[in-house]
>>> print(open('input-v3.pdb').read())   # PDB, C-alpha atoms
ATOM      1  CA  MET A   1      93.314  81.459 198.780  1.00  0.00           C
ATOM      2  CA  LEU A   2      94.746  79.054 201.345  1.00  0.00           C
ATOM      3  CA  VAL A   3      98.029  79.839 203.055  1.00  0.00           C
ATOM      4  CA  ALA A   4      99.842  76.643 203.910  1.00  0.00           C
ATOM      5  CA  GLY A   5     102.174  75.942 206.727  1.00  0.00           C
ATOM      6  CA  GLY A   6     103.932  78.900 208.290  1.00  0.00           C
ATOM      7  CA  GLN A   7     105.794  76.724 210.772  1.00  0.00           C
ATOM      8  CA  ARG A   8     107.797  75.243 207.941  1.00  0.00           C
ATOM      9  CA  SER A   9     108.171  76.252 204.305  1.00  0.00           C
ATOM     10  CA  ALA A  10     104.981  76.275 202.235  1.00  0.00           C
ATOM     11  CA  ARG A  11     106.430  73.520 200.069  1.00  0.00           C
ATOM     12  CA  ASN A  12     106.696  71.196 203.045  1.00  0.00           C
ATOM     13  CA  ALA A  13     103.476  72.235 204.792  1.00  0.00           C
ATOM     14  CA  CYS A  14     101.192  69.394 205.853  1.00  0.00           C
ATOM     15  CA  LYS A  15     103.969  66.857 205.205  1.00  0.00           C
ATOM     16  CA  GLY A  16     106.082  64.930 207.655  1.00  0.00           C
ATOM     17  CA  ARG A  17     106.255  65.125 211.419  1.00  0.00           C
ATOM     18  CA  ALA A  18     104.922  68.225 213.154  1.00  0.00           C
ATOM     19  CA  THR A  19     105.921  67.778 216.772  1.00  0.00           C
ATOM     20  CA  ASP A  20     106.578  64.907 219.149  1.00  0.00           C
ATOM     21  CA  ALA A  21     104.806  66.880 221.884  1.00  0.00           C
ATOM     22  CA  LEU A  22     101.348  66.203 220.388  1.00  0.00           C
ATOM     23  CA  VAL A  23      99.127  63.409 221.670  1.00  0.00           C
ATOM     24  CA  GLY A  24      95.577  62.698 220.664  1.00  0.00           C
ATOM     25  CA  VAL A  25      92.512  63.902 222.515  1.00  0.00           C
ATOM     26  CA  GLU A  26      88.907  64.250 221.429  1.00  0.00           C
ATOM     27  CA  PRO A  27      88.700  66.834 218.589  1.00  0.00           C
ATOM     28  CA  ASN A  28      85.849  68.750 220.233  1.00  0.00           C
ATOM     29  CA  GLN A  29      87.396  68.827 223.696  1.00  0.00           C
ATOM     30  CA  HIS A  30      87.858  72.289 225.192  1.00  0.00           C
ATOM     31  CA  PRO A  31      91.542  72.919 226.104  1.00  0.00           C
ATOM     32  CA  HIS A  32      90.469  74.149 229.551  1.00  0.00           C
ATOM     33  CA  ASP A  33      88.791  70.798 230.188  1.00  0.00           C
ATOM     34  CA  MET A  34      92.147  69.096 229.668  1.00  0.00           C
ATOM     35  CA  SER A  35      93.947  70.925 232.471  1.00  0.00           C
ATOM     36  CA  GLU A  36      93.416  68.000 234.833  1.00  0.00           C
ATOM     37  CA  HIS A  37      94.781  65.658 232.180  1.00  0.00           C
ATOM     38  CA  ALA A  38      97.829  67.887 231.849  1.00  0.00           C
ATOM     39  CA  ASP A  39      98.435  67.972 235.601  1.00  0.00           C
ATOM     40  CA  HIS A  40      98.323  64.186 235.771  1.00  0.00           C
ATOM     41  CA  ALA A  41     100.501  63.722 232.694  1.00  0.00           C
ATOM     42  CA  LEU A  42     103.140  66.092 234.066  1.00  0.00           C
ATOM     43  CA  ALA A  43     103.626  66.387 237.804  1.00  0.00           C
ATOM     44  CA  ASP A  44     102.812  69.869 238.995  1.00  0.00           C
ATOM     45  CA  GLY A  45     106.198  71.169 240.044  1.00  0.00           C
ATOM     46  CA  GLY A  46     105.109  74.691 240.989  1.00  0.00           C
ATOM     47  CA  ALA A  47     108.074  77.004 241.542  1.00  0.00           C
ATOM     48  CA  GLU A  48     110.584  74.158 241.570  1.00  0.00           C
ATOM     49  CA  GLY A  49     109.293  73.089 238.177  1.00  0.00           C
ATOM     50  CA  GLY A  50     109.949  76.506 236.670  1.00  0.00           C
ATOM     51  CA  ALA A  51     112.906  78.086 234.935  1.00  0.00           C
ATOM     52  CA  SER A  52     116.509  77.559 236.031  1.00  0.00           C
ATOM     53  CA  GLU A  53     118.981  80.344 236.769  1.00  0.00           C
ATOM     54  CA  ALA A  54     120.609  79.809 233.363  1.00  0.00           C
ATOM     55  CA  ILE A  55     117.268  80.284 231.660  1.00  0.00           C
ATOM     56  CA  HIS A  56     116.678  83.546 233.549  1.00  0.00           C
ATOM     57  CA  LYS A  57     119.954  84.875 232.110  1.00  0.00           C
ATOM     58  CA  SER A  58     119.225  83.769 228.539  1.00  0.00           C
ATOM     59  CA  GLU A  59     118.635  86.226 225.725  1.00  0.00           C
ATOM     60  CA  ALA A  60     115.155  84.770 225.214  1.00  0.00           C
ATOM     61  CA  ALA A  61     114.210  85.530 228.812  1.00  0.00           C
ATOM     62  CA  LEU A  62     115.761  88.992 228.844  1.00  0.00           C
ATOM     63  CA  THR A  63     114.049  90.051 225.611  1.00  0.00           C
ATOM     64  CA  ALA A  64     110.764  88.585 226.821  1.00  0.00           C
ATOM     65  CA  ILE A  65     110.813  91.077 229.696  1.00  0.00           C
ATOM     66  CA  SER A  66     112.288  94.042 227.812  1.00  0.00           C
ATOM     67  CA  CYS A  67     109.748  94.144 224.955  1.00  0.00           C
ATOM     68  CA  SER A  68     107.365  97.047 225.450  1.00  0.00           C
ATOM     69  CA  THR A  69     104.311  94.962 224.533  1.00  0.00           C
ATOM     70  CA  GLU A  70     103.553  91.260 224.287  1.00  0.00           C
ATOM     71  CA  ARG A  71     102.576  91.650 220.635  1.00  0.00           C
ATOM     72  CA  GLU A  72     106.160  92.692 219.893  1.00  0.00           C
ATOM     73  CA  LEU A  73     107.337  89.240 220.954  1.00  0.00           C
ATOM     74  CA  ARG A  74     105.991  87.799 217.716  1.00  0.00           C
ATOM     75  CA  VAL A  75     108.438  86.412 215.187  1.00  0.00           C
ATOM     76  CA  PRO A  76     106.443  85.035 212.223  1.00  0.00           C
ATOM     77  CA  CYS A  77     106.514  81.237 211.860  1.00  0.00           C
ATOM     78  CA  TYR A  78     108.230  80.682 215.231  1.00  0.00           C
ATOM     79  CA  CYS A  79     105.147  80.061 217.341  1.00  0.00           C
ATOM     80  CA  GLU A  80     106.724  77.736 219.909  1.00  0.00           C
ATOM     81  CA  GLU A  81     109.549  80.184 220.627  1.00  0.00           C
ATOM     82  CA  ASN A  82     107.071  83.064 220.721  1.00  0.00           C
ATOM     83  CA  VAL A  83     104.952  81.230 223.283  1.00  0.00           C
ATOM     84  CA  TRP A  84     108.020  80.384 225.386  1.00  0.00           C
ATOM     85  CA  ARG A  85     108.854  84.090 225.697  1.00  0.00           C
ATOM     86  CA  LEU A  86     105.216  85.022 226.235  1.00  0.00           C
ATOM     87  CA  ALA A  87     104.858  82.467 229.036  1.00  0.00           C
ATOM     88  CA  TYR A  88     108.120  83.630 230.620  1.00  0.00           C
ATOM     89  CA  ARG A  89     106.992  87.250 230.528  1.00  0.00           C
ATOM     90  CA  ARG A  90     103.622  86.493 232.090  1.00  0.00           C
ATOM     91  CA  ILE A  91     105.093  84.320 234.834  1.00  0.00           C
ATOM     92  CA  TYR A  92     108.214  86.283 235.750  1.00  0.00           C
ATOM     93  CA  GLY A  93     107.515  89.785 234.486  1.00  0.00           C
ATOM     94  CA  ARG A  94     104.403  90.535 236.516  1.00  0.00           C
ATOM     95  CA  GLU A  95     102.389  89.435 239.516  1.00  0.00           C
ATOM     96  CA  THR A  96      99.639  87.087 238.442  1.00  0.00           C
ATOM     97  CA  ASN A  97      96.927  84.919 239.943  1.00  0.00           C
ATOM     98  CA  GLU A  98      96.419  82.908 236.759  1.00  0.00           C
ATOM     99  CA  ARG A  99      97.472  79.408 235.828  1.00  0.00           C
ATOM    100  CA  LEU A 100      99.121  79.206 232.439  1.00  0.00           C
ATOM    101  CA  TYR A 101      99.098  76.338 229.973  1.00  0.00           C
ATOM    102  CA  VAL A 102     100.848  75.864 226.646  1.00  0.00           C
ATOM    103  CA  VAL A 103      98.589  74.322 224.021  1.00  0.00           C
ATOM    104  CA  PHE A 104      99.887  72.457 220.963  1.00  0.00           C
ATOM    105  CA  VAL A 105      97.388  72.244 218.098  1.00  0.00           C
ATOM    106  CA  SER A 106      97.689  69.819 215.187  1.00  0.00           C
ATOM    107  CA  ASN A 107      95.988  66.724 213.779  1.00  0.00           C
ATOM    108  CA  GLU A 108      96.750  63.370 212.168  1.00  0.00           C
ATOM    109  CA  GLU A 109      97.296  65.005 208.774  1.00  0.00           C
ATOM    110  CA  ARG A 110      99.579  67.710 210.200  1.00  0.00           C
ATOM    111  CA  CYS A 111      97.321  70.083 208.293  1.00  0.00           C
ATOM    112  CA  CYS A 112      95.024  72.066 210.577  1.00  0.00           C
ATOM    113  CA  PRO A 113      92.830  74.876 209.170  1.00  0.00           C
ATOM    114  CA  MET A 114      92.788  77.916 211.459  1.00  0.00           C
ATOM    115  CA  PHE A 115      91.018  81.194 210.707  1.00  0.00           C
ATOM    116  CA  SER A 116      91.848  84.783 211.720  1.00  0.00           C
ATOM    117  CA  GLN A 117      95.594  84.202 211.486  1.00  0.00           C
ATOM    118  CA  LEU A 118      98.052  86.983 210.644  1.00  0.00           C
ATOM    119  CA  ALA A 119      99.842  84.661 208.219  1.00  0.00           C
ATOM    120  CA  GLN A 120      96.727  84.688 206.030  1.00  0.00           C
ATOM    121  CA  ASP A 121      95.935  88.005 204.320  1.00  0.00           C
ATOM    122  CA  ASP A 122      92.240  87.168 204.111  1.00  0.00           C
ATOM    123  CA  PRO A 123      90.835  86.520 207.620  1.00  0.00           C
ATOM    124  CA  ASP A 124      87.910  84.663 206.034  1.00  0.00           C
ATOM    125  CA  GLU A 125      90.249  82.063 204.577  1.00  0.00           C
ATOM    126  CA  PRO A 126      92.037  79.504 206.748  1.00  0.00           C
ATOM    127  CA  CYS A 127      95.737  79.219 207.261  1.00  0.00           C
ATOM    128  CA  LEU A 128      96.763  75.563 207.089  1.00  0.00           C
ATOM    129  CA  TRP A 129      99.203  75.091 209.955  1.00  0.00           C
ATOM    130  CA  ASP A 130     101.035  71.811 210.291  1.00  0.00           C
ATOM    131  CA  TYR A 131     100.943  72.748 213.971  1.00  0.00           C
ATOM    132  CA  HIS A 132     100.435  75.819 216.086  1.00  0.00           C
ATOM    133  CA  VAL A 133     101.251  76.710 219.682  1.00  0.00           C
ATOM    134  CA  LEU A 134      99.393  79.162 221.884  1.00  0.00           C
ATOM    135  CA  LEU A 135      99.041  80.173 225.530  1.00  0.00           C
ATOM    136  CA  LEU A 136      95.950  79.523 227.650  1.00  0.00           C
ATOM    137  CA  SER A 137      95.325  81.244 230.981  1.00  0.00           C
ATOM    138  CA  SER A 138      92.835  80.303 233.650  1.00  0.00           C
ATOM    139  CA  PRO A 139      92.216  82.139 236.944  1.00  0.00           C
ATOM    140  CA  THR A 140      93.188  80.211 240.044  1.00  0.00           C
ATOM    141  CA  SER A 141      89.576  80.398 241.211  1.00  0.00           C
ATOM    142  CA  ALA A 142      86.463  80.595 239.035  1.00  0.00           C
ATOM    143  CA  ALA A 143      84.068  83.478 239.715  1.00  0.00           C
ATOM    144  CA  ASN A 144      80.542  82.145 240.292  1.00  0.00           C
ATOM    145  CA  GLY A 145      81.393  79.111 238.206  1.00  0.00           C
ATOM    146  CA  VAL A 146      81.971  81.226 235.082  1.00  0.00           C
ATOM    147  CA  ASP A 147      84.816  80.087 232.852  1.00  0.00           C
ATOM    148  CA  LYS A 148      87.271  82.996 232.517  1.00  0.00           C
ATOM    149  CA  SER A 149      89.845  81.129 230.446  1.00  0.00           C
ATOM    150  CA  LEU A 150      91.667  83.275 227.882  1.00  0.00           C
ATOM    151  CA  VAL A 151      93.686  82.445 224.784  1.00  0.00           C
ATOM    152  CA  TRP A 152      96.843  84.478 224.159  1.00  0.00           C
ATOM    153  CA  ASP A 153      97.716  83.998 220.480  1.00  0.00           C
ATOM    154  CA  ILE A 154      99.968  86.691 219.078  1.00  0.00           C
ATOM    155  CA  ASP A 155      99.612  85.125 215.615  1.00  0.00           C
ATOM    156  CA  SER A 156      95.870  85.814 215.623  1.00  0.00           C
ATOM    157  CA  ARG A 157      93.856  88.763 214.297  1.00  0.00           C
ATOM    158  CA  LEU A 158      91.372  88.395 217.156  1.00  0.00           C
ATOM    159  CA  PRO A 159      91.338  90.719 220.169  1.00  0.00           C
ATOM    160  CA  TYR A 160      94.247  90.025 222.485  1.00  0.00           C
ATOM    161  CA  PRO A 161      93.543  88.083 224.591  1.00  0.00           C
ATOM    162  CA  THR A 162      90.344  86.330 223.488  1.00  0.00           C
ATOM    163  CA  PRO A 163      87.947  84.300 225.670  1.00  0.00           C
ATOM    164  CA  ALA A 164      88.666  80.629 225.022  1.00  0.00           C
ATOM    165  CA  SER A 165      85.099  79.873 223.942  1.00  0.00           C
ATOM    166  CA  VAL A 166      85.162  82.713 221.401  1.00  0.00           C
ATOM    167  CA  TYR A 167      88.605  81.713 220.116  1.00  0.00           C
ATOM    168  CA  LEU A 168      87.568  78.104 219.536  1.00  0.00           C
ATOM    169  CA  ALA A 169      84.343  79.041 217.744  1.00  0.00           C
ATOM    170  CA  THR A 170      86.056  81.664 215.552  1.00  0.00           C
ATOM    171  CA  VAL A 171      89.363  80.002 214.715  1.00  0.00           C
ATOM    172  CA  PHE A 172      88.098  76.436 214.238  1.00  0.00           C
ATOM    173  CA  ARG A 173      85.054  77.091 212.079  1.00  0.00           C
ATOM    174  CA  GLU A 174      82.390  74.462 211.856  1.00  0.00           C
ATOM    175  CA  GLU A 175      82.417  74.269 208.052  1.00  0.00           C
ATOM    176  CA  CYS A 176      85.929  72.815 208.114  1.00  0.00           C
ATOM    177  CA  PHE A 177      84.843  69.995 210.382  1.00  0.00           C
ATOM    178  CA  ARG A 178      81.795  68.581 208.669  1.00  0.00           C
ATOM    179  CA  GLU A 179      81.570  64.810 208.828  1.00  0.00           C
ATOM    180  CA  GLU A 180      83.415  64.261 205.549  1.00  0.00           C
ATOM    181  CA  TYR A 181      86.393  66.339 206.747  1.00  0.00           C
ATOM    182  CA  ARG A 182      86.410  65.759 210.479  1.00  0.00           C
ATOM    183  CA  ALA A 183      88.639  62.702 210.615  1.00  0.00           C
ATOM    184  CA  ARG A 184      91.345  64.452 208.595  1.00  0.00           C
ATOM    185  CA  LEU A 185      91.150  68.109 209.616  1.00  0.00           C
ATOM    186  CA  ALA A 186      89.659  68.411 213.107  1.00  0.00           C
ATOM    187  CA  PRO A 187      92.157  69.886 215.581  1.00  0.00           C
ATOM    188  CA  ARG A 188      93.708  67.852 218.347  1.00  0.00           C
ATOM    189  CA  PHE A 189      95.233  69.416 221.432  1.00  0.00           C
ATOM    190  CA  ARG A 190      98.050  68.707 223.855  1.00  0.00           C
ATOM    191  CA  VAL A 191      98.070  70.866 226.989  1.00  0.00           C
ATOM    192  CA  ILE A 192     100.983  71.192 229.426  1.00  0.00           C
ATOM    193  CA  ARG A 193     101.731  73.517 232.326  1.00  0.00           C
ATOM    194  CA  ALA A 194     103.635  76.595 231.193  1.00  0.00           C
ATOM    195  CA  GLU A 195     106.212  76.147 233.984  1.00  0.00           C
ATOM    196  CA  HIS A 196     107.208  72.787 232.532  1.00  0.00           C
ATOM    197  CA  TYR A 197     107.375  74.240 229.041  1.00  0.00           C
ATOM    198  CA  LEU A 198     109.770  76.930 230.238  1.00  0.00           C
ATOM    199  CA  ARG A 199     111.979  74.398 231.935  1.00  0.00           C
ATOM    200  CA  TYR A 200     112.061  71.607 229.354  1.00  0.00           C
ATOM    201  CA  PHE A 201     111.266  73.090 225.944  1.00  0.00           C
ATOM    202  CA  PHE A 202     113.883  72.449 223.286  1.00  0.00           C
ATOM    203  CA  SER A 203     113.659  72.484 219.522  1.00  0.00           C
ATOM    204  CA  ASP A 204     116.315  72.212 216.846  1.00  0.00           C
ATOM    205  CA  ARG A 205     113.524  72.502 214.237  1.00  0.00           C
ATOM    206  CA  LYS A 206     114.402  69.250 212.489  1.00  0.00           C
ATOM    207  CA  HIS A 207     110.680  68.908 211.884  1.00  0.00           C
ATOM    208  CA  MET A 208     110.959  71.756 209.347  1.00  0.00           C
ATOM    209  CA  PHE A 209     113.090  69.693 206.982  1.00  0.00           C
ATOM    210  CA  ASP A 210     111.721  67.266 204.436  1.00  0.00           C
ATOM    211  CA  SER A 211     114.050  64.259 204.275  1.00  0.00           C
ATOM    212  CA  GLU A 212     112.986  63.575 200.670  1.00  0.00           C
ATOM    213  CA  ALA A 213     113.371  67.135 199.386  1.00  0.00           C
ATOM    214  CA  GLY A 214     116.443  67.964 201.487  1.00  0.00           C
TER     215      GLY A 214
END
>>> encode(input="input-v3.pdb", output="structure tokens")
Amino acid sequence: MLVAGGQRSARNACKGRATDALVGVEPNQHPHDMSEHADHALADGGAEGGASEAIHKSEAALTAISCSTERELRVPCYCEENVWRLAYRRIYGRETNERLYVVFVSNEERCCPMFSQLAQDDPDEPCLWDYHVLLLSSPTSAANGVDKSLVWDIDSRLPYPTPASVYLATVFREECFREEYRARLAPRFRVIRAEHYLRYFFSDRKHMFDSEAG
């Protein structure tokens, strides 16, 4: 059984516009490899590029810090808001030596099969997201050249967090991206610095409405 489209109603899943934040990259490109692309696409503002005083006083920010665990931040089908609070908590709620990136996942069809998702009762069946948003962390310095990037996806059944290489291999299974399906279903990624996401993210969720169905 396929579960379709938690980010909007199942009826509208895989239809219409997913998010204006997505741009195309190579389907098999590792999100960590796109960090340089992200830094060039959005100037690295560091602390001055982070949250404003009004944001620090917002309910979203306050609840991000007050939750006893990061898993409790999850509100089903609100992945971009969940990731905003998760990024805020990791940046402002603790000392960290990691760089954080927000990753948008979708494709040309706005219908991206992802496995091991909580929205799907059977972890061996994909959930068809029109888009998904997750958090990627990378240490500020690599240890002996080993990639220590981690994916923080509170909508996933995988261990939390999961090494990026394991997440990609498990969530985006090869059988969904055979040659006959690749052009339609392969994931595409947009990566931005978490500090910019905290400062500039806004959504009125118009993308959840189907103009034909109302």
>>> resolve_selection(input="input-v3.pdb", expression="the PyMOL selection byres ((chain A and resi 103) around 6)", output="list in words")
Val102, Phe104, Val133, Leu134, Arg190 and Val191 of chain A
>>> write_last_selection(input="input-v3.pdb", atoms="C-alpha atoms", output="tab-separated table (two decimals), keeping the file's coordinate frame")
chain	number	residue	atom	x	y	z
A	102	VAL	CA	100.85	75.86	226.65
A	104	PHE	CA	99.89	72.46	220.96
A	133	VAL	CA	101.25	76.71	219.68
A	134	LEU	CA	99.39	79.16	221.88
A	190	ARG	CA	98.05	68.71	223.86
A	191	VAL	CA	98.07	70.87	226.99
>>> closest_residue(input="input-v3.pdb", among="A:Ser138, A:Ser165, A:Asn97, A:Gln117", to="Cys79 of chain A", atoms="all atoms listed in the file")
A:Gln117
>>> atom_distance(input="input-v3.pdb", atom1="atom CA of His196 of chain A", atom2="atom CA of Cys111 of chain A")
26.3 Å
>>> resolve_selection(input="input-v3.pdb", expression="the PyMOL selection byres ((chain A and resi 151) around 7)", output="number ranges by chain")
A: 135-137, 149-150, 152-153, 161-164, 167
>>> atom_distance(input="input-v3.pdb", atom1="atom CA of Glu175 of chain A", atom2="atom CA of Asn82 of chain A")
29.1 Å
>>> resolve_selection(input="input-v3.pdb", expression="the PyMOL selection byres ((chain A and resi 131) around 7)", output="ChimeraX atom specification")
/A:18,105-106,110,112,129-130,132-133
>>> residues_around(input="input-v3.pdb", residues="segment 56-63 of chain A", least_positions_apart="2", cutoff="12 Å", atoms="only C-alpha atoms", output="PyMOL selection string")
chain A and resi 50-54+65-70+72-74+81-93+198-199
>>> closest_residue(input="input-v3.pdb", among="A:Ser116, A:Ser156, A:Thr140, A:Asn107", to="Pro76 of chain A", atoms="all atoms listed in the file")
A:Ser156
>>> atom_distance(input="input-v3.pdb", atom1="atom CA of Phe202 of chain A", atom2="atom CA of Leu168 of chain A")
27.2 Å
>>> closest_residue(input="input-v3.pdb", among="A:Thr96, A:Glu109, A:Tyr101, A:Pro139", to="Tyr181 of chain A", atoms="only C-alpha atoms")
A:Glu109
>>> closest_residue(input="input-v3.pdb", among="A:Val166, A:Ile55, A:Val171, A:Ala64", to="Glu125 of chain A", atoms="all atoms listed in the file")
A:Val171
>>> build_atoms(input="input-v3.pdb", residues="segment 120-130 of chain A", atoms="all heavy atoms", output="mmCIF file, in the frame of the given file")
data_model
loop_
_atom_site.group_PDB
_atom_site.id
_atom_site.type_symbol
_atom_site.label_atom_id
_atom_site.label_comp_id
_atom_site.auth_asym_id
_atom_site.auth_seq_id
_atom_site.Cartn_x
_atom_site.Cartn_y
_atom_site.Cartn_z
ATOM 1 N N GLN A 120 97.670 84.715 207.147
ATOM 2 C CA GLN A 120 96.727 84.688 206.030
ATOM 3 C C GLN A 120 96.184 86.105 205.812
ATOM 4 O O GLN A 120 95.615 86.710 206.725
ATOM 5 C CB GLN A 120 95.588 83.711 206.344
ATOM 6 C CG GLN A 120 94.403 83.750 205.403
ATOM 7 C CD GLN A 120 94.752 83.440 203.969
ATOM 8 O OE1 GLN A 120 95.071 84.368 203.212
ATOM 9 N NE2 GLN A 120 94.720 82.183 203.598
ATOM 10 N N ASP A 121 96.384 86.639 204.609
ATOM 11 C CA ASP A 121 95.935 88.005 204.320
ATOM 12 C C ASP A 121 94.426 88.158 204.431
ATOM 13 O O ASP A 121 93.939 89.208 204.846
ATOM 14 C CB ASP A 121 96.396 88.425 202.917
ATOM 15 C CG ASP A 121 97.906 88.591 202.821
ATOM 16 O OD1 ASP A 121 98.526 88.856 203.867
ATOM 17 O OD2 ASP A 121 98.447 88.448 201.716
ATOM 18 N N ASP A 122 93.697 87.129 204.052
ATOM 19 C CA ASP A 122 92.240 87.168 204.111
ATOM 20 C C ASP A 122 91.770 86.444 205.369
ATOM 21 O O ASP A 122 91.889 85.223 205.469
ATOM 22 C CB ASP A 122 91.644 86.493 202.870
ATOM 23 C CG ASP A 122 90.119 86.599 202.802
ATOM 24 O OD1 ASP A 122 89.507 87.017 203.812
ATOM 25 O OD2 ASP A 122 89.557 86.255 201.753
ATOM 26 N N PRO A 123 91.241 87.161 206.373
ATOM 27 C CA PRO A 123 90.835 86.520 207.620
ATOM 28 C C PRO A 123 89.688 85.538 207.448
ATOM 29 O O PRO A 123 89.429 84.727 208.345
ATOM 30 C CB PRO A 123 90.423 87.694 208.517
ATOM 31 C CG PRO A 123 90.088 88.803 207.561
ATOM 32 C CD PRO A 123 90.978 88.618 206.381
ATOM 33 N N ASP A 124 89.004 85.593 206.289
ATOM 34 C CA ASP A 124 87.910 84.663 206.034
ATOM 35 C C ASP A 124 88.369 83.384 205.342
ATOM 36 O O ASP A 124 87.557 82.527 204.997
ATOM 37 C CB ASP A 124 86.827 85.338 205.187
ATOM 38 C CG ASP A 124 86.080 86.410 205.966
ATOM 39 O OD1 ASP A 124 85.854 86.202 207.177
ATOM 40 O OD2 ASP A 124 85.746 87.454 205.377
ATOM 41 N N GLU A 125 89.667 83.289 205.120
ATOM 42 C CA GLU A 125 90.249 82.063 204.577
ATOM 43 C C GLU A 125 91.161 81.453 205.637
ATOM 44 O O GLU A 125 91.819 82.173 206.389
ATOM 45 C CB GLU A 125 91.059 82.354 203.314
ATOM 46 C CG GLU A 125 90.237 82.767 202.116
ATOM 47 C CD GLU A 125 89.459 81.611 201.515
ATOM 48 O OE1 GLU A 125 89.784 80.453 201.824
ATOM 49 O OE2 GLU A 125 88.527 81.879 200.733
ATOM 50 N N PRO A 126 91.201 80.123 205.707
ATOM 51 C CA PRO A 126 92.037 79.504 206.748
ATOM 52 C C PRO A 126 93.511 79.483 206.385
ATOM 53 O O PRO A 126 93.884 79.438 205.218
ATOM 54 C CB PRO A 126 91.484 78.077 206.820
ATOM 55 C CG PRO A 126 91.010 77.798 205.429
ATOM 56 C CD PRO A 126 90.455 79.113 204.920
ATOM 57 N N CYS A 127 94.315 79.527 207.391
ATOM 58 C CA CYS A 127 95.737 79.219 207.261
ATOM 59 C C CYS A 127 95.897 77.758 207.638
ATOM 60 O O CYS A 127 95.382 77.327 208.672
ATOM 61 C CB CYS A 127 96.555 80.118 208.178
ATOM 62 S SG CYS A 127 98.329 79.816 208.109
ATOM 63 N N LEU A 128 96.587 76.989 206.825
ATOM 64 C CA LEU A 128 96.763 75.563 207.089
ATOM 65 C C LEU A 128 98.074 75.345 207.830
ATOM 66 O O LEU A 128 99.136 75.207 207.225
ATOM 67 C CB LEU A 128 96.736 74.768 205.781
ATOM 68 C CG LEU A 128 95.461 74.901 204.952
ATOM 69 C CD1 LEU A 128 95.571 74.079 203.682
ATOM 70 C CD2 LEU A 128 94.241 74.487 205.767
ATOM 71 N N TRP A 129 98.006 75.329 209.152
ATOM 72 C CA TRP A 129 99.203 75.091 209.955
ATOM 73 C C TRP A 129 99.448 73.590 210.059
ATOM 74 O O TRP A 129 98.526 72.811 210.255
ATOM 75 C CB TRP A 129 99.018 75.627 211.365
ATOM 76 C CG TRP A 129 98.946 77.107 211.550
ATOM 77 C CD1 TRP A 129 97.947 77.797 212.174
ATOM 78 C CD2 TRP A 129 99.923 78.090 211.170
ATOM 79 N NE1 TRP A 129 98.226 79.147 212.187
ATOM 80 C CE2 TRP A 129 99.438 79.358 211.581
ATOM 81 C CE3 TRP A 129 101.150 78.023 210.517
ATOM 82 C CZ2 TRP A 129 100.141 80.540 211.367
ATOM 83 C CZ3 TRP A 129 101.849 79.200 210.295
ATOM 84 C CH2 TRP A 129 101.346 80.432 210.724
ATOM 85 N N ASP A 130 100.716 73.195 209.946
ATOM 86 C CA ASP A 130 101.035 71.811 210.291
ATOM 87 C C ASP A 130 100.901 71.633 211.804
ATOM 88 O O ASP A 130 100.502 70.572 212.287
ATOM 89 C CB ASP A 130 102.413 71.384 209.788
ATOM 90 C CG ASP A 130 103.521 72.359 210.143
ATOM 91 O OD1 ASP A 130 103.229 73.463 210.648
ATOM 92 O OD2 ASP A 130 104.693 72.009 209.903
#
